[in-house]
$ cat upload-v3.pdb   # PDB, C-alpha atoms
MODEL        1
ATOM      1  CA  MET O   1       0.134  -7.584  16.906
ATOM      2  CA  ALA O   2       1.671  -9.005  13.752
ATOM      3  CA  GLY O   3       4.753  -6.822  13.865
ATOM      4  CA  THR O   4       5.882  -3.379  12.975
ATOM      5  CA  GLY O   5       6.062  -2.535   9.298
ATOM      6  CA  PRO O   6       8.655  -0.345   7.649
ATOM      7  CA  THR O   7       8.616   3.400   8.146
ATOM      8  CA  ILE O   8       8.313   4.895   4.692
ATOM      9  CA  SER O   9       8.724   8.574   3.929
ATOM     10  CA  VAL O  10       8.264   9.580   0.307
ATOM     11  CA  ASP O  11       7.772  12.651  -1.806
ATOM     12  CA  GLY O  12       4.327  12.258  -3.312
ATOM     13  CA  ARG O  13       4.272  15.487  -5.300
ATOM     14  CA  GLY O  14       2.599  14.904  -8.622
ATOM     15  CA  LEU O  15       0.633  11.879  -7.383
ATOM     16  CA  ARG O  16      -3.147  11.811  -7.055
ATOM     17  CA  LEU O  17      -4.620   9.406  -4.510
ATOM     18  CA  VAL O  18      -8.103   8.694  -3.231
ATOM     19  CA  ILE O  19      -8.872   7.384   0.223
ATOM     20  CA  VAL O  20     -11.963   5.174  -0.018
ATOM     21  CA  ALA O  21     -13.402   4.350   3.396
ATOM     22  CA  GLY O  22     -16.401   2.435   4.662
ATOM     23  CA  LEU O  23     -18.929   3.924   7.046
ATOM     24  CA  TRP O  24     -19.154   1.017   9.499
ATOM     25  CA  HIS O  25     -17.450   1.234  12.926
ATOM     26  CA  THR O  26     -16.777   4.953  12.615
ATOM     27  CA  GLY O  27     -14.560   5.281  15.687
ATOM     28  CA  ILE O  28     -12.063   2.836  14.211
ATOM     29  CA  THR O  29     -12.513   3.948  10.604
ATOM     30  CA  ASP O  30     -12.034   7.611  11.476
ATOM     31  CA  GLY O  31      -8.707   6.680  13.116
ATOM     32  CA  LEU O  32      -7.641   4.850   9.952
ATOM     33  CA  ILE O  33      -8.604   7.871   7.844
ATOM     34  CA  ALA O  34      -6.623  10.201  10.119
ATOM     35  CA  GLY O  35      -3.504   8.029   9.786
ATOM     36  CA  ALA O  36      -3.802   7.854   6.008
ATOM     37  CA  THR O  37      -4.424  11.597   5.811
ATOM     38  CA  ARG O  38      -1.310  12.386   7.886
ATOM     39  CA  VAL O  39       0.882  10.338   5.538
ATOM     40  CA  LEU O  40      -0.569  11.833   2.372
ATOM     41  CA  GLU O  41      -0.359  15.399   3.677
ATOM     42  CA  ALA O  42       3.273  14.873   4.746
ATOM     43  CA  SER O  43       4.115  13.504   1.285
ATOM     44  CA  ASN O  44       2.591  16.515  -0.522
ATOM     45  CA  ALA O  45       0.468  14.206  -2.674
ATOM     46  CA  GLU O  46      -2.890  15.447  -3.927
ATOM     47  CA  PHE O  47      -5.699  13.400  -2.384
ATOM     48  CA  SER O  48      -9.399  13.223  -1.673
ATOM     49  CA  LEU O  49     -11.666  11.162   0.545
ATOM     50  CA  VAL O  50     -14.815   9.322  -0.472
ATOM     51  CA  ARG O  51     -17.036   7.227   1.779
ATOM     52  CA  VAL O  52     -18.908   4.074   0.816
ATOM     53  CA  PRO O  53     -21.485   2.174   2.866
ATOM     54  CA  GLY O  54     -19.166  -0.691   3.859
ATOM     55  CA  SER O  55     -16.173  -2.847   3.016
ATOM     56  CA  PHE O  56     -18.093  -4.816   0.394
ATOM     57  CA  GLU O  57     -18.396  -1.619  -1.669
ATOM     58  CA  LEU O  58     -14.698  -0.719  -1.490
ATOM     59  CA  PRO O  59     -13.565  -2.585  -4.634
ATOM     60  CA  VAL O  60     -16.009  -0.965  -7.063
ATOM     61  CA  ALA O  61     -15.377   2.539  -5.699
ATOM     62  CA  CYS O  62     -11.601   1.982  -5.836
ATOM     63  CA  LYS O  63     -11.866   0.738  -9.428
ATOM     64  CA  VAL O  64     -13.784   3.841 -10.511
ATOM     65  CA  ALA O  65     -11.314   6.133  -8.713
ATOM     66  CA  LEU O  66      -8.374   4.481 -10.469
ATOM     67  CA  ASP O  67     -10.135   4.426 -13.848
ATOM     68  CA  SER O  68     -10.880   8.146 -13.376
ATOM     69  CA  GLY O  69      -7.220   9.090 -13.099
ATOM     70  CA  ALA O  70      -6.076   8.425  -9.557
ATOM     71  CA  ASP O  71      -2.531   7.051  -9.358
ATOM     72  CA  ALA O  72      -3.393   4.938  -6.316
ATOM     73  CA  VAL O  73      -6.123   4.364  -3.762
ATOM     74  CA  VAL O  74      -6.126   3.666  -0.047
ATOM     75  CA  ALA O  75      -8.955   1.281   0.873
ATOM     76  CA  LEU O  76     -10.018   1.504   4.517
ATOM     77  CA  GLY O  77     -12.663  -0.601   6.193
ATOM     78  CA  VAL O  78     -13.546  -2.524   9.320
ATOM     79  CA  ILE O  79     -15.148  -5.964   9.405
ATOM     80  CA  ILE O  80     -15.840  -7.465  12.834
ATOM     81  CA  ARG O  81     -16.666 -11.155  13.216
ATOM     82  CA  GLY O  82     -20.171 -11.918  14.387
ATOM     83  CA  GLY O  83     -22.122 -15.105  14.924
ATOM     84  CA  THR O  84     -22.871 -15.814  11.250
ATOM     85  CA  PRO O  85     -20.791 -16.583   8.139
ATOM     86  CA  HIS O  86     -21.365 -12.994   6.917
ATOM     87  CA  PHE O  87     -17.884 -12.015   8.191
ATOM     88  CA  GLU O  88     -16.166 -14.564   5.949
ATOM     89  CA  PHE O  89     -18.217 -13.561   2.895
ATOM     90  CA  VAL O  90     -17.564  -9.826   3.255
ATOM     91  CA  SER O  91     -13.884 -10.290   4.156
ATOM     92  CA  LYS O  92     -13.249 -12.521   1.146
ATOM     93  CA  ALA O  93     -15.214 -10.293  -1.229
ATOM     94  CA  ALA O  94     -13.370  -7.157  -0.110
ATOM     95  CA  THR O  95      -9.925  -8.786  -0.188
ATOM     96  CA  ASP O  96     -10.395 -10.583  -3.500
ATOM     97  CA  GLY O  97     -12.091  -7.559  -5.042
ATOM     98  CA  LEU O  98      -9.337  -5.139  -4.053
ATOM     99  CA  THR O  99      -6.671  -7.540  -5.321
ATOM    100  CA  ARG O 100      -8.500  -7.792  -8.624
ATOM    101  CA  VAL O 101      -8.772  -3.988  -8.852
ATOM    102  CA  ALA O 102      -5.012  -3.613  -8.395
ATOM    103  CA  LEU O 103      -4.217  -6.251 -10.991
ATOM    104  CA  ASP O 104      -6.862  -5.128 -13.515
ATOM    105  CA  THR O 105      -5.830  -1.455 -13.345
ATOM    106  CA  GLY O 106      -2.101  -1.943 -12.805
ATOM    107  CA  LYS O 107      -2.302   0.638 -10.027
ATOM    108  CA  PRO O 108      -1.697   0.324  -6.271
ATOM    109  CA  VAL O 109      -4.425  -0.348  -3.757
ATOM    110  CA  GLY O 110      -3.247   0.333  -0.212
ATOM    111  CA  PHE O 111      -4.985  -2.358   1.830
ATOM    112  CA  GLY O 112      -6.295  -0.995   5.096
ATOM    113  CA  VAL O 113      -9.234  -3.325   5.654
ATOM    114  CA  LEU O 114      -9.200  -4.641   9.202
ATOM    115  CA  THR O 115     -10.702  -8.096   9.708
ATOM    116  CA  LEU O 116     -11.244  -8.462  13.431
ATOM    117  CA  ASP O 117     -12.557 -10.820  16.057
ATOM    118  CA  ASP O 118     -13.673  -7.919  18.259
ATOM    119  CA  GLU O 119     -13.759  -4.135  18.444
ATOM    120  CA  GLN O 120     -10.699  -3.900  20.718
ATOM    121  CA  GLN O 121      -8.487  -5.383  17.999
ATOM    122  CA  GLY O 122      -9.589  -2.522  15.761
ATOM    123  CA  LEU O 123      -8.937   0.108  18.391
ATOM    124  CA  ASP O 124      -5.447  -1.367  18.826
ATOM    125  CA  ARG O 125      -4.733  -0.929  15.093
ATOM    126  CA  ALA O 126      -6.527   2.342  14.279
ATOM    127  CA  GLY O 127      -3.758   4.807  15.140
ATOM    128  CA  LEU O 128      -5.793   6.271  17.979
ATOM    129  CA  PRO O 129      -4.240   7.422  21.265
ATOM    130  CA  GLY O 130      -3.175   4.203  22.971
ATOM    131  CA  SER O 131      -3.222   2.144  19.746
ATOM    132  CA  LYS O 132      -0.334  -0.229  19.107
ATOM    133  CA  GLU O 133      -0.423   0.203  15.323
ATOM    134  CA  ASP O 134      -1.692   2.599  12.661
ATOM    135  CA  LYS O 135      -2.987   0.557   9.748
ATOM    136  CA  GLY O 136      -4.328   3.651   7.966
ATOM    137  CA  GLU O 137      -0.834   5.105   7.934
ATOM    138  CA  GLU O 138       0.632   1.798   6.740
ATOM    139  CA  ALA O 139      -1.907   1.448   3.912
ATOM    140  CA  ALA O 140      -1.289   5.009   2.680
ATOM    141  CA  SER O 141       2.498   4.542   2.847
ATOM    142  CA  ALA O 142       2.244   1.318   0.850
ATOM    143  CA  ALA O 143       0.040   2.916  -1.810
ATOM    144  CA  LEU O 144       2.338   5.953  -2.165
ATOM    145  CA  SER O 145       5.544   3.923  -2.295
ATOM    146  CA  THR O 146       4.153   1.452  -4.794
ATOM    147  CA  ALA O 147       2.846   4.251  -7.024
ATOM    148  CA  LEU O 148       6.361   5.693  -7.157
ATOM    149  CA  VAL O 149       7.907   2.280  -7.882
ATOM    150  CA  LEU O 150       5.441   1.670 -10.721
ATOM    151  CA  ARG O 151       6.129   5.132 -12.138
ATOM    152  CA  GLU O 152       9.848   4.362 -12.119
ATOM    153  CA  LEU O 153       9.365   0.929 -13.694
ATOM    154  CA  ARG O 154       7.170   2.353 -16.456
ATOM    155  CA  GLY O 155       9.782   4.982 -17.178
ATOM    156  CA  HIS O 156      12.691   2.540 -17.383
ATOM    157  CA  ILE O 157      11.196  -0.521 -19.041
ATOM    158  CA  GLY O 158      10.061  -0.646 -22.613
TER     159      GLY O 158
ENDMDL
END

$ encode --input "upload-v3.pdb" --output "structure tokens"
Amino acid sequence: MAGTGPTISVDGRGLRLVIVAGLWHTGITDGLIAGATRVLEASNAEFSLVRVPGSFELPVACKVALDSGADAVVALGVIIRGGTPHFEFVSKAATDGLTRVALDTGKPVGFGVLTLDDEQQGLDRAGLPGSKEDKGEEAASAALSTALVLRELRGHIG
């Protein structure tokens, strides 16, 4: 476990977010979605959920969601290392792509893509009963908080 992140509670009224989640490793991904959903519901933000085939497809779907009016997105996916270099390719593409989406749109991308050596690491981070962390919750909190910071900055600068 890398450590416990900050607990962030914000009022998300007036914000529109999209959770974009991959379909691979549904037991883990569904836990991530549940954590993100709890945060967004508690914040009173408006949100929706879309599913994409896998983590490689997250960046393009997040870009379209942001270009279509979302204030922020929460990208959720699970990539588990196997015996080939595929893990490195997909992990790098998803990470670099989501970073590029955030910078190109100027809007937050909550990063909830788990890159794992084995399934147990994902179960430990998915916010499920017995999990040590809730990365879906953390990604949604980061996206919400950053959207509010950017709104404030845009209102006070210029």

$ residues_around --input "upload-v3.pdb" --residues "Thr115 in chain O" --least-positions-apart "3" --cutoff "12 Å" --atoms "only C-alpha atoms" --output "VMD selection string"
chain O and resid 25 28 55 76 to 82 87 to 92 94 to 95 111 to 112 118 to 122 125 135

$ write_last_selection --input "upload-v3.pdb" --atoms "C-alpha atoms" --output "PDB file, in the frame of the given file"
ATOM      1  CA  HIS O  25     -17.450   1.234  12.926  1.00  0.00           C
ATOM      2  CA  ILE O  28     -12.063   2.836  14.211  1.00  0.00           C
ATOM      3  CA  SER O  55     -16.173  -2.847   3.016  1.00  0.00           C
ATOM      4  CA  LEU O  76     -10.018   1.504   4.517  1.00  0.00           C
ATOM      5  CA  GLY O  77     -12.663  -0.601   6.193  1.00  0.00           C
ATOM      6  CA  VAL O  78     -13.546  -2.524   9.320  1.00  0.00           C
ATOM      7  CA  ILE O  79     -15.148  -5.964   9.405  1.00  0.00           C
ATOM      8  CA  ILE O  80     -15.840  -7.465  12.834  1.00  0.00           C
ATOM      9  CA  ARG O  81     -16.666 -11.155  13.216  1.00  0.00           C
ATOM     10  CA  GLY O  82     -20.171 -11.918  14.387  1.00  0.00           C
ATOM     11  CA  PHE O  87     -17.884 -12.015   8.191  1.00  0.00           C
ATOM     12  CA  GLU O  88     -16.166 -14.564   5.949  1.00  0.00           C
ATOM     13  CA  PHE O  89     -18.217 -13.561   2.895  1.00  0.00           C
ATOM     14  CA  VAL O  90     -17.564  -9.826   3.255  1.00  0.00           C
ATOM     15  CA  SER O  91     -13.884 -10.290   4.156  1.00  0.00           C
ATOM     16  CA  LYS O  92     -13.249 -12.521   1.146  1.00  0.00           C
ATOM     17  CA  ALA O  94     -13.370  -7.157  -0.110  1.00  0.00           C
ATOM     18  CA  THR O  95      -9.925  -8.786  -0.188  1.00  0.00           C
ATOM     19  CA  PHE O 111      -4.985  -2.358   1.830  1.00  0.00           C
ATOM     20  CA  GLY O 112      -6.295  -0.995   5.096  1.00  0.00           C
ATOM     21  CA  ASP O 118     -13.673  -7.919  18.259  1.00  0.00           C
ATOM     22  CA  GLU O 119     -13.759  -4.135  18.444  1.00  0.00           C
ATOM     23  CA  GLN O 120     -10.699  -3.900  20.718  1.00  0.00           C
ATOM     24  CA  GLN O 121      -8.487  -5.383  17.999  1.00  0.00           C
ATOM     25  CA  GLY O 122      -9.589  -2.522  15.761  1.00  0.00           C
ATOM     26  CA  ARG O 125      -4.733  -0.929  15.093  1.00  0.00           C
ATOM     27  CA  LYS O 135      -2.987   0.557   9.748  1.00  0.00           C
TER      28      LYS O 135
END

$ resolve_selection --input "upload-v3.pdb" --expression "the PyMOL selection byres ((chain O and resi 44) around 7)" --output "number ranges by chain"
O: 11-13, 40-43, 45-46

$ write_last_selection --input "upload-v3.pdb" --atoms "C-alpha atoms" --output "PDB file, in the frame of the given file"
ATOM      1  CA  ASP O  11       7.772  12.651  -1.806  1.00  0.00           C
ATOM      2  CA  GLY O  12       4.327  12.258  -3.312  1.00  0.00           C
ATOM      3  CA  ARG O  13       4.272  15.487  -5.300  1.00  0.00           C
ATOM      4  CA  LEU O  40      -0.569  11.833   2.372  1.00  0.00           C
ATOM      5  CA  GLU O  41      -0.359  15.399   3.677  1.00  0.00           C
ATOM      6  CA  ALA O  42       3.273  14.873   4.746  1.00  0.00           C
ATOM      7  CA  SER O  43       4.115  13.504   1.285  1.00  0.00           C
ATOM      8  CA  ALA O  45       0.468  14.206  -2.674  1.00  0.00           C
ATOM      9  CA  GLU O  46      -2.890  15.447  -3.927  1.00  0.00           C
TER      10      GLU O  46
END

$ residues_around --input "upload-v3.pdb" --residues "Leu15 in chain O" --least-positions-apart "3" --cutoff "12 Å" --atoms "all atoms listed in the file" --output "ChimeraX atom specification"
/O:10-12,18,40-41,43-48,69-73,107-108,143-148,150-151

$ resolve_selection --input "upload-v3.pdb" --expression "the PyMOL selection byres ((chain O and resi 58) around 9)" --output "number ranges by chain"
O: 20-22, 51-57, 59-63, 75-77, 94, 97-98

$ atom_distance --input "upload-v3.pdb" --atom1 "CA of Ile19 in chain O" --atom2 "CA of Gly35 in chain O"
11.0 Å

$ atom_distance --input "upload-v3.pdb" --atom1 "CA of Val113 in chain O" --atom2 "CA of Arg100 in chain O"
15.0 Å

$ axis_aligned_box --input "upload-v3.pdb" --around "range 116-121 of chain O" --padding-each-side "8 Å" --output "lines of an AutoDock Vina configuration file"
center_x = -11.1
center_y = -7.4
center_z = 17.1
size_x = 21.3
size_y = 22.9
size_z = 23.3

$ atom_distance --input "upload-v3.pdb" --atom1 "CA of Ala126 in chain O" --atom2 "CA of Asp104 in chain O"
28.8 Å

$ build_atoms --input "upload-v3.pdb" --residues "range 123-139 of chain O" --atoms "N, CA, C and O atoms" --output "CSV table (one decimal), keeping the file's coordinate frame"
chain,number,residue,atom,x,y,z
O,123,LEU,N,-9.4,-1.1,17.7
O,123,LEU,CA,-8.9,0.1,18.4
O,123,LEU,C,-7.4,0.0,18.6
O,123,LEU,O,-6.7,1.1,18.5
O,124,ASP,N,-6.9,-1.2,18.7
O,124,ASP,CA,-5.4,-1.4,18.8
O,124,ASP,C,-4.7,-1.1,17.5
O,124,ASP,O,-3.5,-0.9,17.5
O,125,ARG,N,-5.4,-1.1,16.4
O,125,ARG,CA,-4.7,-0.9,15.1
O,125,ARG,C,-5.1,0.4,14.4
O,125,ARG,O,-4.6,0.6,13.3
O,126,ALA,N,-5.9,1.2,15.0
O,126,ALA,CA,-6.5,2.3,14.3
O,126,ALA,C,-5.7,3.6,14.4
O,126,ALA,O,-6.1,4.6,13.8
O,127,GLY,N,-4.6,3.6,15.0
O,127,GLY,CA,-3.8,4.8,15.1
O,127,GLY,C,-4.3,5.8,16.1
O,127,GLY,O,-4.0,7.0,16.0
O,128,LEU,N,-5.2,5.4,17.0
O,128,LEU,CA,-5.8,6.3,18.0
O,128,LEU,C,-4.9,6.4,19.2
O,128,LEU,O,-3.9,5.6,19.3
O,129,PRO,N,-5.1,7.4,20.0
O,129,PRO,CA,-4.2,7.4,21.3
O,129,PRO,C,-4.3,6.1,22.0
O,129,PRO,O,-5.4,5.6,22.2
O,130,GLY,N,-3.2,5.5,22.3
O,130,GLY,CA,-3.2,4.2,23.0
O,130,GLY,C,-3.1,3.0,22.0
O,130,GLY,O,-3.0,1.9,22.5
O,131,SER,N,-3.3,3.2,20.7
O,131,SER,CA,-3.2,2.1,19.7
O,131,SER,C,-1.8,1.6,19.6
O,131,SER,O,-0.8,2.4,19.8
O,132,LYS,N,-1.7,0.4,19.3
O,132,LYS,CA,-0.3,-0.2,19.1
O,132,LYS,C,0.2,-0.1,17.7
O,132,LYS,O,1.4,-0.1,17.4
O,133,GLU,N,-0.8,0.1,16.7
O,133,GLU,CA,-0.4,0.2,15.3
O,133,GLU,C,-1.3,1.3,14.7
O,133,GLU,O,-2.3,1.6,15.2
O,134,ASP,N,-0.9,1.7,13.5
O,134,ASP,CA,-1.7,2.6,12.7
O,134,ASP,C,-1.8,2.0,11.2
O,134,ASP,O,-1.0,2.3,10.4
O,135,LYS,N,-2.8,1.2,11.0
O,135,LYS,CA,-3.0,0.6,9.7
O,135,LYS,C,-3.4,1.5,8.6
O,135,LYS,O,-3.2,1.3,7.5
O,136,GLY,N,-4.0,2.6,9.0
O,136,GLY,CA,-4.3,3.7,8.0
O,136,GLY,C,-3.1,4.3,7.4
O,136,GLY,O,-2.9,4.5,6.2
O,137,GLU,N,-2.1,4.6,8.3
O,137,GLU,CA,-0.8,5.1,7.9
O,137,GLU,C,-0.1,4.1,7.1
O,137,GLU,O,0.5,4.4,6.0
O,138,GLU,N,-0.1,2.8,7.5
O,138,GLU,CA,0.6,1.8,6.7
O,138,GLU,C,0.1,1.6,5.3
O,138,GLU,O,0.8,1.5,4.4
O,139,ALA,N,-1.3,1.6,5.2
O,139,ALA,CA,-1.9,1.4,3.9
O,139,ALA,C,-1.6,2.6,3.0
O,139,ALA,O,-1.3,2.4,1.8
